[in-house]
>>> print(open('my_file-v4.pdb').read())   # PDB, C-alpha atoms
ATOM      1  CA  MET A 129      68.665 150.880  95.878  1.00  0.00           C
ATOM      2  CA  LYS A 130      70.621 147.710  95.156  1.00  0.00           C
ATOM      3  CA  ARG A 131      72.473 146.268  98.120  1.00  0.00           C
ATOM      4  CA  THR A 132      76.101 145.286  97.485  1.00  0.00           C
ATOM      5  CA  TYR A 133      78.426 143.373  99.716  1.00  0.00           C
ATOM      6  CA  PRO A 134      82.059 144.169 100.308  1.00  0.00           C
ATOM      7  CA  LYS A 135      84.682 142.422  98.194  1.00  0.00           C
ATOM      8  CA  GLN A 136      88.314 141.808  98.924  1.00  0.00           C
ATOM      9  CA  VAL A 137      90.786 143.975  97.023  1.00  0.00           C
ATOM     10  CA  GLY A 138      92.426 140.899  95.464  1.00  0.00           C
ATOM     11  CA  ASP A 139      89.081 139.808  94.028  1.00  0.00           C
ATOM     12  CA  ILE A 140      88.449 143.266  92.592  1.00  0.00           C
ATOM     13  CA  ILE A 141      91.882 143.332  90.935  1.00  0.00           C
ATOM     14  CA  GLY A 142      91.403 139.817  89.560  1.00  0.00           C
ATOM     15  CA  ASP A 143      88.027 140.802  88.094  1.00  0.00           C
ATOM     16  CA  LEU A 144      89.577 143.887  86.479  1.00  0.00           C
ATOM     17  CA  LEU A 145      92.456 141.888  84.957  1.00  0.00           C
ATOM     18  CA  ARG A 146      90.011 139.364  83.476  1.00  0.00           C
ATOM     19  CA  LYS A 147      87.716 142.103  82.184  1.00  0.00           C
ATOM     20  CA  GLU A 148      90.566 143.952  80.447  1.00  0.00           C
ATOM     21  CA  ASN A 149      92.215 140.734  79.141  1.00  0.00           C
ATOM     22  CA  LEU A 150      95.412 141.469  81.074  1.00  0.00           C
ATOM     23  CA  GLU A 151      95.572 138.214  83.004  1.00  0.00           C
ATOM     24  CA  GLN A 152      98.126 136.582  80.660  1.00  0.00           C
ATOM     25  CA  GLN A 153     100.420 139.632  80.797  1.00  0.00           C
ATOM     26  CA  TRP A 154     100.161 139.731  84.583  1.00  0.00           C
ATOM     27  CA  ASP A 155     101.108 136.054  84.862  1.00  0.00           C
ATOM     28  CA  GLU A 156     104.071 136.553  82.505  1.00  0.00           C
ATOM     29  CA  HIS A 157     105.273 139.452  84.634  1.00  0.00           C
ATOM     30  CA  ARG A 158     105.037 137.234  87.717  1.00  0.00           C
ATOM     31  CA  VAL A 159     107.261 134.649  85.973  1.00  0.00           C
ATOM     32  CA  LEU A 160     109.939 137.293  85.451  1.00  0.00           C
ATOM     33  CA  ASP A 161     109.706 138.343  89.093  1.00  0.00           C
ATOM     34  CA  ILE A 162     110.036 134.858  90.570  1.00  0.00           C
ATOM     35  CA  TRP A 163     113.001 133.755  88.415  1.00  0.00           C
ATOM     36  CA  GLY A 164     115.461 134.753  91.165  1.00  0.00           C
ATOM     37  CA  GLU A 165     113.505 132.848  93.795  1.00  0.00           C
ATOM     38  CA  ILE A 166     113.347 129.695  91.662  1.00  0.00           C
ATOM     39  CA  VAL A 167     117.038 129.521  90.736  1.00  0.00           C
ATOM     40  CA  GLY A 168     118.444 131.107  93.896  1.00  0.00           C
ATOM     41  CA  PRO A 169     120.859 134.008  94.369  1.00  0.00           C
ATOM     42  CA  GLY A 170     123.927 132.103  93.129  1.00  0.00           C
ATOM     43  CA  ILE A 171     122.511 131.502  89.656  1.00  0.00           C
ATOM     44  CA  ASN A 172     120.564 134.761  89.575  1.00  0.00           C
ATOM     45  CA  ARG A 173     123.861 136.631  89.958  1.00  0.00           C
ATOM     46  CA  TYR A 174     124.824 135.460  86.435  1.00  0.00           C
ATOM     47  CA  THR A 175     121.458 136.451  84.957  1.00  0.00           C
ATOM     48  CA  VAL A 176     121.753 139.609  82.881  1.00  0.00           C
ATOM     49  CA  ASN A 177     118.220 139.898  81.542  1.00  0.00           C
ATOM     50  CA  ARG A 178     114.924 138.005  81.257  1.00  0.00           C
ATOM     51  CA  ALA A 179     112.021 138.293  78.835  1.00  0.00           C
ATOM     52  CA  ILE A 180     108.919 136.256  78.103  1.00  0.00           C
ATOM     53  CA  SER A 181     106.719 136.164  75.049  1.00  0.00           C
ATOM     54  CA  LYS A 182     104.015 133.659  74.115  1.00  0.00           C
ATOM     55  CA  GLY A 183     105.122 131.182  76.760  1.00  0.00           C
ATOM     56  CA  VAL A 184     108.819 131.241  75.863  1.00  0.00           C
ATOM     57  CA  LEU A 185     111.078 132.533  78.632  1.00  0.00           C
ATOM     58  CA  THR A 186     114.395 133.894  77.356  1.00  0.00           C
ATOM     59  CA  VAL A 187     117.198 134.232  79.900  1.00  0.00           C
ATOM     60  CA  TRP A 188     120.524 135.926  79.161  1.00  0.00           C
ATOM     61  CA  LEU A 189     123.434 134.586  81.214  1.00  0.00           C
ATOM     62  CA  THR A 190     127.087 135.635  81.553  1.00  0.00           C
ATOM     63  CA  SER A 191     128.411 132.115  82.164  1.00  0.00           C
ATOM     64  CA  ALA A 192     128.581 129.534  79.363  1.00  0.00           C
ATOM     65  CA  PRO A 193     128.983 126.536  81.737  1.00  0.00           C
ATOM     66  CA  LEU A 194     125.954 127.697  83.718  1.00  0.00           C
ATOM     67  CA  ARG A 195     123.992 128.142  80.485  1.00  0.00           C
ATOM     68  CA  ASN A 196     124.793 124.515  79.602  1.00  0.00           C
ATOM     69  CA  GLU A 197     123.858 123.265  83.090  1.00  0.00           C
ATOM     70  CA  LEU A 198     120.524 125.090  83.041  1.00  0.00           C
ATOM     71  CA  SER A 199     119.786 123.791  79.544  1.00  0.00           C
ATOM     72  CA  LEU A 200     120.093 120.253  80.867  1.00  0.00           C
ATOM     73  CA  ASN A 201     117.594 121.067  83.636  1.00  0.00           C
ATOM     74  CA  ARG A 202     115.168 122.996  81.418  1.00  0.00           C
ATOM     75  CA  SER A 203     112.124 120.773  82.043  1.00  0.00           C
ATOM     76  CA  LEU A 204     112.606 120.912  85.822  1.00  0.00           C
ATOM     77  CA  LEU A 205     112.835 124.708  85.731  1.00  0.00           C
ATOM     78  CA  ILE A 206     109.707 124.975  83.592  1.00  0.00           C
ATOM     79  CA  ARG A 207     107.805 122.755  86.028  1.00  0.00           C
ATOM     80  CA  ARG A 208     109.001 124.708  89.092  1.00  0.00           C
ATOM     81  CA  ILE A 209     108.152 128.080  87.535  1.00  0.00           C
ATOM     82  CA  ASN A 210     104.671 126.975  86.492  1.00  0.00           C
ATOM     83  CA  GLU A 211     104.026 125.494  89.947  1.00  0.00           C
ATOM     84  CA  ALA A 212     105.097 128.753  91.596  1.00  0.00           C
ATOM     85  CA  VAL A 213     102.785 130.799  89.382  1.00  0.00           C
ATOM     86  CA  GLY A 214      99.966 128.283  89.661  1.00  0.00           C
ATOM     87  CA  LYS A 215      99.368 128.085  85.905  1.00  0.00           C
ATOM     88  CA  ASP A 216     101.092 126.653  82.848  1.00  0.00           C
ATOM     89  CA  ILE A 217     102.582 129.906  81.584  1.00  0.00           C
ATOM     90  CA  VAL A 218     106.075 128.843  80.489  1.00  0.00           C
ATOM     91  CA  THR A 219     106.292 126.232  77.724  1.00  0.00           C
ATOM     92  CA  ASN A 220     109.987 126.615  76.873  1.00  0.00           C
ATOM     93  CA  ILE A 221     113.113 128.364  78.135  1.00  0.00           C
ATOM     94  CA  ILE A 222     115.867 129.681  75.889  1.00  0.00           C
ATOM     95  CA  PHE A 223     119.245 130.392  77.490  1.00  0.00           C
ATOM     96  CA  LEU A 224     121.448 132.945  75.725  1.00  0.00           C
TER
END
>>> encode(input="my_file-v4.pdb", output="structure tokens")
Amino acid sequence: MKRTYPKQVGDIIGDLLRKENLEQQWDEHRVLDIWGEIVGPGINRYTVNRAISKGVLTVWLTSAPLRNELSLNRSLLIRRINEAVGKDIVTNIIFL
């Protein structure tokens, strides 16, 4: 009988995500989850919806001045999001 050694649950889940080619989708979902942490509760309050597809994060906001302010800081937000996820997932952000 082959002897196996115990693995951590996180390693098992990571292996499964890689095997099923779900790693990119998982990382995109993490981006959507951490948006509120990156921008803080004040800005997150004006966020109506978020979506990500092929590296483009789309954020719907209820405040036009805030939309303009965030557009000016787009590259900083992209950098902070990618650092939080640990990978270069977001390549652009569209504010609507």
>>> residues_around(input="my_file-v4.pdb", residues="Trp188 (chain A)", least_positions_apart="6", cutoff="12 Å", atoms="all atoms listed in the file", output="JSON, numbers by chain")
{"A": [171, 172, 173, 174, 175, 176, 177, 178, 179, 180, 194, 195, 198, 221, 222, 223, 224]}
>>> resolve_selection(input="my_file-v4.pdb", expression="the PyMOL selection byres ((chain A and resi 210) around 12)", output="tab-separated table (two decimals) with C-alpha atoms, in the frame of the given file")
chain	number	residue	atom	x	y	z
A	155	ASP	CA	101.11	136.05	84.86
A	156	GLU	CA	104.07	136.55	82.50
A	158	ARG	CA	105.04	137.23	87.72
A	159	VAL	CA	107.26	134.65	85.97
A	160	LEU	CA	109.94	137.29	85.45
A	162	ILE	CA	110.04	134.86	90.57
A	163	TRP	CA	113.00	133.76	88.42
A	166	ILE	CA	113.35	129.70	91.66
A	183	GLY	CA	105.12	131.18	76.76
A	185	LEU	CA	111.08	132.53	78.63
A	203	SER	CA	112.12	120.77	82.04
A	204	LEU	CA	112.61	120.91	85.82
A	205	LEU	CA	112.84	124.71	85.73
A	206	ILE	CA	109.71	124.98	83.59
A	207	ARG	CA	107.80	122.76	86.03
A	208	ARG	CA	109.00	124.71	89.09
A	209	ILE	CA	108.15	128.08	87.54
A	211	GLU	CA	104.03	125.49	89.95
A	212	ALA	CA	105.10	128.75	91.60
A	213	VAL	CA	102.78	130.80	89.38
A	214	GLY	CA	99.97	128.28	89.66
A	215	LYS	CA	99.37	128.08	85.90
A	216	ASP	CA	101.09	126.65	82.85
A	217	ILE	CA	102.58	129.91	81.58
A	218	VAL	CA	106.08	128.84	80.49
A	219	THR	CA	106.29	126.23	77.72
A	220	ASN	CA	109.99	126.62	76.87
A	221	ILE	CA	113.11	128.36	78.14
>>> atom_distance(input="my_file-v4.pdb", atom1="CA of Thr190 (chain A)", atom2="CA of Arg202 (chain A)")
17.4 Å
>>> atom_distance(input="my_file-v4.pdb", atom1="CA of Leu150 (chain A)", atom2="CA of Tyr133 (chain A)")
25.3 Å
>>> axis_aligned_box(input="my_file-v4.pdb", around="region 149-168 of chain A", padding_each_side="6 Å", output="JSON")
{"center_x": 105.3, "center_y": 135.5, "center_z": 86.5, "size_x": 38.2, "size_y": 23.9, "size_z": 26.8}
>>> atom_distance(input="my_file-v4.pdb", atom1="CA of Gln136 (chain A)", atom2="CA of Gln153 (chain A)")
21.9 Å
